[in-house]
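Below is data-v9.txt, which holds compact mmCIF, C-alpha atoms.
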```txt
# COMPACT_ATOMS: atom_id res chain seq x y z
CA MET A 1 26.20 -4.12 -17.99
CA THR A 2 26.88 -7.83 -18.56
CA TRP A 3 24.41 -10.66 -17.96
CA ASP A 4 26.43 -11.91 -14.98
CA GLN A 5 26.26 -8.47 -13.38
CA MET A 6 22.50 -8.37 -13.99
CA GLN A 7 22.03 -11.77 -12.35
CA GLU A 8 23.97 -10.75 -9.24
CA LEU A 9 21.57 -7.86 -8.76
CA MET A 10 18.35 -9.55 -9.87
CA TRP A 11 18.27 -12.62 -7.63
CA PRO A 12 18.31 -10.72 -4.30
CA ALA A 13 15.81 -8.17 -5.67
CA THR A 14 13.52 -10.94 -6.91
CA TRP A 15 13.60 -12.61 -3.50
CA GLU A 16 12.76 -9.30 -1.82
CA THR A 17 9.79 -8.80 -4.16
CA LEU A 18 8.48 -12.31 -3.50
CA GLN A 19 8.88 -11.82 0.25
CA MET A 20 7.06 -8.50 0.39
CA VAL A 21 4.26 -9.74 -1.87
CA GLY A 22 3.96 -13.03 0.02
CA VAL A 23 3.76 -11.45 3.48
CA SER A 24 1.37 -8.75 2.24
CA THR A 25 -0.88 -11.36 0.60
CA VAL A 26 -1.16 -13.42 3.78
CA CYS A 27 -1.96 -10.34 5.89
CA THR A 28 -4.42 -9.07 3.28
CA VAL A 29 -6.34 -12.36 3.16
CA LEU A 30 -6.41 -12.72 6.95
CA LEU A 31 -7.83 -9.20 7.39
CA GLY A 32 -9.66 -8.63 4.12
CA LEU A 33 -11.66 -11.87 4.08
CA PRO A 34 -13.47 -11.21 7.41
CA LEU A 35 -14.04 -7.59 6.37
CA GLY A 36 -15.60 -8.62 3.05
CA VAL A 37 -17.83 -11.21 4.71
CA LEU A 38 -18.87 -8.67 7.35
CA LEU A 39 -19.89 -6.24 4.62
CA VAL A 40 -22.27 -8.90 3.31
CA LEU A 41 -23.60 -9.98 6.71
CA THR A 42 -24.36 -6.42 7.86
CA ALA A 43 -26.01 -5.39 4.58
CA LYS A 44 -29.78 -5.24 4.15
CA GLY A 45 -31.17 -8.76 4.40
CA GLY A 46 -27.92 -10.13 5.84
CA ALA A 47 -27.66 -12.42 8.83
CA LEU A 48 -26.31 -9.55 10.96
CA GLN A 49 -28.23 -6.75 9.26
CA ASN A 50 -27.01 -3.43 10.60
CA GLN A 51 -27.24 -0.56 8.17
CA PRO A 52 -25.23 2.03 10.20
CA VAL A 53 -22.31 -0.39 10.66
CA ASN A 54 -22.48 -1.41 7.01
CA LYS A 55 -22.42 2.19 5.83
CA VAL A 56 -19.46 3.06 8.04
CA LEU A 57 -17.51 0.00 6.88
CA GLY A 58 -18.37 0.75 3.27
CA ALA A 59 -17.27 4.37 3.61
CA VAL A 60 -13.93 3.37 5.17
CA VAL A 61 -13.29 0.81 2.44
CA ASN A 62 -14.19 3.28 -0.30
CA LEU A 63 -11.97 5.97 1.21
CA ALA A 64 -9.00 3.62 1.49
CA ARG A 65 -9.48 2.41 -2.09
CA SER A 66 -9.56 5.97 -3.40
CA LEU A 67 -6.03 6.80 -2.20
CA PRO A 68 -3.26 6.36 -4.81
CA PHE A 69 -0.76 3.84 -3.48
CA ILE A 70 2.27 6.10 -3.68
CA ILE A 71 0.48 8.74 -1.57
CA LEU A 72 -0.70 6.10 0.89
CA MET A 73 2.84 4.81 1.27
CA ILE A 74 4.23 8.26 2.02
CA ALA A 75 1.38 9.00 4.44
CA LEU A 76 2.15 5.80 6.35
CA PHE A 77 5.88 6.46 6.75
CA SER A 78 5.55 7.35 10.45
CA PHE A 79 3.27 4.41 11.22
CA THR A 80 5.53 2.05 9.29
CA ARG A 81 8.61 3.29 11.15
CA TRP A 82 6.81 2.79 14.47
CA LEU A 83 5.62 -0.70 13.51
CA VAL A 84 8.74 -2.25 11.94
CA GLY A 85 11.44 0.19 13.04
CA SER A 86 12.20 1.59 9.59
CA SER A 87 10.49 3.12 6.58
CA LEU A 88 12.96 1.54 4.13
CA GLY A 89 13.36 -2.02 2.86
CA TRP A 90 10.94 -4.76 1.87
CA GLN A 91 9.79 -5.32 5.46
CA ALA A 92 8.64 -1.71 5.68
CA ALA A 93 6.96 -1.92 2.26
CA THR A 94 4.69 -4.73 3.45
CA VAL A 95 2.81 -2.30 5.73
CA PRO A 96 1.44 0.08 3.07
CA LEU A 97 1.07 -2.83 0.66
CA THR A 98 -1.21 -4.59 3.14
CA VAL A 99 -3.13 -1.44 4.07
CA GLY A 100 -3.70 -0.63 0.41
CA ALA A 101 -4.72 -4.16 -0.58
CA ILE A 102 -7.14 -4.95 2.27
CA PRO A 103 -10.02 -2.73 1.04
CA PHE A 104 -9.43 -3.87 -2.55
CA PHE A 105 -9.61 -7.54 -1.56
CA ALA A 106 -12.54 -6.95 0.80
CA ARG A 107 -14.67 -5.60 -2.06
CA LEU A 108 -13.79 -8.63 -4.18
CA VAL A 109 -14.76 -10.91 -1.30
CA GLU A 110 -18.03 -9.04 -0.87
CA THR A 111 -18.87 -9.48 -4.55
CA ASN A 112 -18.10 -13.22 -4.48
CA VAL A 113 -20.02 -13.92 -1.29
CA ARG A 114 -23.07 -12.01 -2.54
CA GLU A 115 -23.26 -14.41 -5.47
CA VAL A 116 -23.86 -17.43 -3.23
CA ASP A 117 -27.31 -18.91 -3.86
CA ARG A 118 -29.76 -17.20 -1.53
CA GLY A 119 -31.72 -20.43 -1.27
CA LEU A 120 -28.76 -22.18 0.34
CA VAL A 121 -28.42 -19.40 2.89
CA GLU A 122 -32.10 -19.55 3.77
CA ALA A 123 -31.98 -23.34 4.04
CA VAL A 124 -29.08 -23.23 6.52
CA GLN A 125 -30.88 -20.61 8.58
CA ALA A 126 -34.12 -22.63 8.50
CA MET A 127 -32.21 -25.66 9.84
CA GLY A 128 -31.07 -23.58 12.84
CA GLY A 129 -27.59 -22.74 11.67
CA ASN A 130 -26.04 -19.73 13.40
CA THR A 131 -24.01 -17.02 11.71
CA TRP A 132 -20.68 -18.80 12.21
CA THR A 133 -22.10 -21.99 10.71
CA LEU A 134 -23.50 -20.02 7.79
CA VAL A 135 -20.14 -18.44 7.06
CA ARG A 136 -18.01 -21.53 7.63
CA LYS A 137 -20.14 -24.15 5.91
CA THR A 138 -21.99 -22.20 3.23
CA LEU A 139 -20.79 -18.73 2.30
CA VAL A 140 -17.04 -19.35 2.16
CA PRO A 141 -17.12 -22.89 0.66
CA GLU A 142 -19.64 -21.92 -2.01
CA ALA A 143 -17.71 -18.78 -2.92
CA LEU A 144 -14.31 -20.50 -2.81
CA PRO A 145 -13.56 -20.55 -6.58
CA GLY A 146 -14.32 -16.84 -6.80
CA LEU A 147 -12.29 -16.16 -3.66
CA VAL A 148 -9.26 -17.93 -5.12
CA ALA A 149 -9.64 -15.86 -8.30
CA SER A 150 -9.81 -12.74 -6.12
CA VAL A 151 -6.62 -13.74 -4.28
CA THR A 152 -4.91 -14.19 -7.65
CA THR A 153 -6.05 -10.74 -8.77
CA THR A 154 -4.87 -9.25 -5.48
CA VAL A 155 -1.42 -10.87 -5.70
CA ILE A 156 -0.94 -9.48 -9.19
CA ALA A 157 -2.02 -6.03 -8.00
CA LEU A 158 0.44 -6.29 -5.11
CA ILE A 159 3.27 -7.04 -7.53
CA GLY A 160 2.46 -3.79 -9.30
CA TYR A 161 2.28 -1.95 -5.98
CA SER A 162 5.63 -3.45 -4.93
CA ALA A 163 7.27 -1.98 -8.04
CA MET A 164 5.98 1.46 -7.05
CA ALA A 165 7.20 0.90 -3.49
CA GLY A 166 10.69 0.35 -4.88
CA THR A 167 10.84 3.95 -6.09
CA VAL A 168 10.71 5.24 -2.51
CA GLY A 169 13.07 2.78 -0.84
CA GLY A 170 10.89 -0.31 -0.71
CA GLY A 171 13.47 -2.58 -2.28
CA GLY A 172 12.76 -5.39 -4.73
CA LEU A 173 12.64 -5.31 -8.51
CA GLY A 174 11.00 -1.89 -8.59
CA ASP A 175 13.93 -0.38 -6.71
CA LEU A 176 16.35 -2.07 -9.10
CA ALA A 177 14.51 -0.80 -12.18
CA TYR A 178 14.38 2.72 -10.76
CA ARG A 179 18.05 2.93 -9.71
CA TYR A 180 19.58 1.30 -12.75
CA GLY A 181 16.99 1.71 -15.49
CA TYR A 182 15.98 5.29 -14.73
CA LEU A 183 18.80 6.93 -12.79
CA ARG A 184 21.70 5.20 -14.60
CA PHE A 185 20.05 4.85 -18.02
CA GLU A 186 20.58 1.07 -18.16
CA THR A 187 17.60 0.64 -20.48
CA ALA A 188 18.38 -2.96 -21.43
CA PHE A 189 18.56 -3.95 -17.75
CA MET A 190 15.24 -2.23 -17.09
CA TRP A 191 13.54 -4.23 -19.85
CA VAL A 192 14.99 -7.45 -18.44
CA ILE A 193 13.38 -6.58 -15.11
CA VAL A 194 10.08 -5.79 -16.85
CA ALA A 195 10.24 -9.17 -18.60
CA GLU A 196 10.88 -10.95 -15.30
CA ILE A 197 7.91 -9.22 -13.64
CA ALA A 198 5.73 -10.19 -16.62
CA ILE A 199 6.83 -13.83 -16.26
CA ILE A 200 6.06 -13.83 -12.53
CA VAL A 201 2.61 -12.35 -13.15
CA THR A 202 1.89 -14.88 -15.90
CA VAL A 203 2.89 -17.84 -13.72
CA ILE A 204 0.72 -16.60 -10.84
CA GLN A 205 -2.25 -16.04 -13.15
CA LEU A 206 -1.94 -19.50 -14.70
CA ALA A 207 -1.66 -21.12 -11.26
CA GLY A 208 -4.67 -19.19 -10.01
CA ASP A 209 -6.75 -20.10 -13.08
CA TYR A 210 -5.84 -23.77 -12.64
CA ALA A 211 -6.85 -23.72 -8.96
CA VAL A 212 -10.16 -22.02 -9.81
CA ARG A 213 -10.96 -24.65 -12.47
CA ARG A 214 -10.21 -27.49 -10.07
CA LEU A 215 -12.40 -25.98 -7.36
CA ALA A 216 -15.20 -25.26 -9.81
CA ASN A 217 -15.16 -28.83 -11.12
CA ARG A 218 -15.17 -30.18 -7.59
CA GLY A 219 -18.08 -27.89 -6.74
CA ARG A 220 -20.19 -29.36 -9.51
CA GLY A 221 -19.99 -32.67 -7.72
CA GLY A 222 -21.30 -31.11 -4.52
CA GLY A 223 -19.60 -29.22 -1.73
CA ARG A 224 -20.29 -29.04 1.97
CA THR A 225 -23.83 -27.88 1.28
CA ARG A 226 -24.56 -30.40 -1.45
CA LEU A 227 -27.40 -31.96 0.58
CA LEU A 228 -29.21 -28.65 0.44
CA ARG A 229 -29.14 -28.42 -3.34
CA PRO A 230 -32.09 -29.70 -5.37
CA ARG A 231 -31.22 -32.64 -7.57
CA ALA A 232 -32.87 -34.21 -10.55
CA ASP A 233 -34.70 -37.46 -9.97
CA THR A 234 -32.83 -39.81 -12.27
CA ASP A 235 -35.22 -42.66 -11.48
CA LEU A 236 -38.20 -40.85 -12.98
CA VAL A 237 -39.42 -42.57 -16.14
CA VAL A 238 -41.60 -40.60 -18.51
```
The structure given in the file should be rewritten as structure tokens.
Amino acid sequence: MTWDQMQELMWPATWETLQMVGVSTVCTVLLGLPLGVLLVLTAKGGALQNQPVNKVLGAVVNLARSLPFIILMIALFSFTRWLVGSSLGWQAATVPLTVGAIPFFARLVETNVREVDRGLVEAVQAMGGNTWTLVRKTLVPEALPGLVASVTTTVIALIGYSAMAGTVGGGGLGDLAYRYGYLRFETAFMWVIVAEIAIIVTVIQLAGDYAVRRLANRGRGGGRTRLLRPRADTDLVV
């Protein structure tokens, strides 16, 4: 297979991979972020403390995380066909990708939000802030660098999931590697695809790390809750 032939196949497959990962990431963040925050709020000592609800949510998240992605994808074939009209193609692959990534991202969100300074939370509550104010102005802004890092981790995981989806008709680079690298023994082409996936992952990781550093540096100067933080008295003369 010549390089020109490889390029003709790779560009459409690359675009399909980026589309399925992009759509899945947006859906995962929109659904996983509230779920992760809710796990924190309903936990013991949380603003919406409710142990039964927390245990049920935790059990559902743990169950979903325990399912291997390839099995989850096959199990969701009927639901995917009902939702998007087909169980093949990158559009169909976004459904199991999203379902599989939501519990993964929710646990990362839970971990990041739990690390927010408890003193800030108590100060907002003491000032009369309601739960929505607590989440919007304290929990999410203070956890933002960690949340961005979690999104980066999730995107990279979704790229790996998308390659697996390609083996069962999900399209993208995984489908290309399976059909040509495995079924047709085009080993060189398969390694080109592997190299491209590695480059995509590296670029995403570097971009995510850069965003986290910028947010962390900005946070040192004070975020939305900076007035609640204790500060050193620079005018004190010993």
Sorted by chain and rising residue number, list the residues of segment 51-119 of chain A at most 6 Å from segment 20-27 of chain A (counting all atoms listed in the file), each with its closest atom pair and distance in Å to one decimal, as a tab-separated table.
```
residue	atom	partner	partner_atom	distance
A:Trp90	CA	A:Met20	CA	5.6
A:Thr94	CA	A:Ser24	CA	5.4
A:Thr98	CA	A:Ser24	CA	5.0
```
Near-Thr28 of chain A list (9 Å; all atoms listed in the file; drop same-chain fewer than 2 positions) as a ChimeraX atom specification: /A:23-26,30-33,97-103,105-106,154
Contact residues around Val40 of chain A with all atoms listed in the file at 9 Å, ignoring same-chain residues under 6 positions, as a list in words: Gly46, Ala47, Leu48, Gln49, Asn54, Glu110, Thr111, Val113 and Arg114 of chain A
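For the atom pair formed by atom CA of Ile204 of chain A and atom CA of Val155 of chain A, the distance is 8.0 Å, given to one decimal.
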Step by step: start from the point (-12.7, -22.3, -7.7) in the file's coordinates, keep every protein, DNA or RNA residue that has an atom no farther than 8 Å from it, count all atoms listed in the file, and write the set as a VMD selection string. chain A and resid 143 to 149 211 to 217 219
Mind pulling up the distance from atom CA of Ile70 of chain A to atom CA of Tyr161 of chain A? 8.4 Å
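If you count all atoms listed in the file and ignore residues fewer than 2 places along the chain from Ile159 of chain A, what sits within 8 Å of it is Thr17, Val21, Val155, Ile156, Ala157, Tyr161, Ser162, Ala163, Ile197 and Val201 of chain A.
The two atoms in question, atom CA of Ala92 of chain A and atom CA of Val109 of chain A, are spaced 26.1 Å apart.
With distances restricted to all atoms listed in the file, A:Thr167 is the closest residue to Leu183 of chain A from A:Ala43, A:Thr167, A:Glu115, A:Asp209.
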Using only C-alpha atoms, the best pick from A:Gly169, A:Gln7, A:Tyr180, A:Gln205 as closest to Ser87 of chain A would be A:Gly169
Starting from 4 Å padding per side, set up an axis-aligned box that covers all listed atoms of segment 109-119 of chain A and hand over centre and edge lengths in Å, one decimal, as AutoDock Vina command-line options.
```
--center_x -23.2 --center_y -14.7 --center_z -3.2 --size_x 25.0 --size_y 19.4 --size_z 12.6
```
Skipping near chain neighbours, those fewer than 3 positions away, what residues fall within 12 Å of Arg118 of chain A using only C-alpha atoms, listed as a list in words? Gly45, Gly46, Ala47, Val113, Arg114, Glu115, Val121, Glu122, Ala123, Val124, Gln125, Leu134, Thr138, Leu139, Glu142, Leu228 and Arg229 of chain A
Residues from last step as file, C-alpha atoms, as a PDB file, in the coordinates of the input:
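The file below, result-v6.pdb, is the result:
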```pdb
ATOM      1  CA  GLY A  45     -31.170  -8.760   4.400  1.00  0.00           C
ATOM      2  CA  GLY A  46     -27.920 -10.130   5.840  1.00  0.00           C
ATOM      3  CA  ALA A  47     -27.660 -12.420   8.830  1.00  0.00           C
ATOM      4  CA  VAL A 113     -20.020 -13.920  -1.290  1.00  0.00           C
ATOM      5  CA  ARG A 114     -23.070 -12.010  -2.540  1.00  0.00           C
ATOM      6  CA  GLU A 115     -23.260 -14.410  -5.470  1.00  0.00           C
ATOM      7  CA  VAL A 121     -28.420 -19.400   2.890  1.00  0.00           C
ATOM      8  CA  GLU A 122     -32.100 -19.550   3.770  1.00  0.00           C
ATOM      9  CA  ALA A 123     -31.980 -23.340   4.040  1.00  0.00           C
ATOM     10  CA  VAL A 124     -29.080 -23.230   6.520  1.00  0.00           C
ATOM     11  CA  GLN A 125     -30.880 -20.610   8.580  1.00  0.00           C
ATOM     12  CA  LEU A 134     -23.500 -20.020   7.790  1.00  0.00           C
ATOM     13  CA  THR A 138     -21.990 -22.200   3.230  1.00  0.00           C
ATOM     14  CA  LEU A 139     -20.790 -18.730   2.300  1.00  0.00           C
ATOM     15  CA  GLU A 142     -19.640 -21.920  -2.010  1.00  0.00           C
ATOM     16  CA  LEU A 228     -29.210 -28.650   0.440  1.00  0.00           C
ATOM     17  CA  ARG A 229     -29.140 -28.420  -3.340  1.00  0.00           C
TER      18      ARG A 229
END
```
Near Ile74 of chain A, within 9 Å and counting all atoms listed in the file, which residues show up once chain neighbours fewer than 5 positions away are dropped, as a tab-separated table (two decimals) with C-alpha atoms, in the frame of the given file?
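Saved file out-v3.tsv follows:
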```
chain	number	residue	atom	x	y	z
A	69	PHE	CA	-0.76	3.84	-3.48
A	96	PRO	CA	1.44	0.08	3.07
A	168	VAL	CA	10.71	5.24	-2.51
```
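Using only C-alpha atoms for every distance, the candidate list A:Arg179, A:Arg184, A:Lys55, A:Arg107 yields A:Arg107 as the residue closest to Val37 of chain A.
Closest approach to Thr152 of chain A from the set A:Val95, A:Ala207, A:Met164, A:Val192 is made by A:Ala207, with distances taken over all atoms listed in the file.
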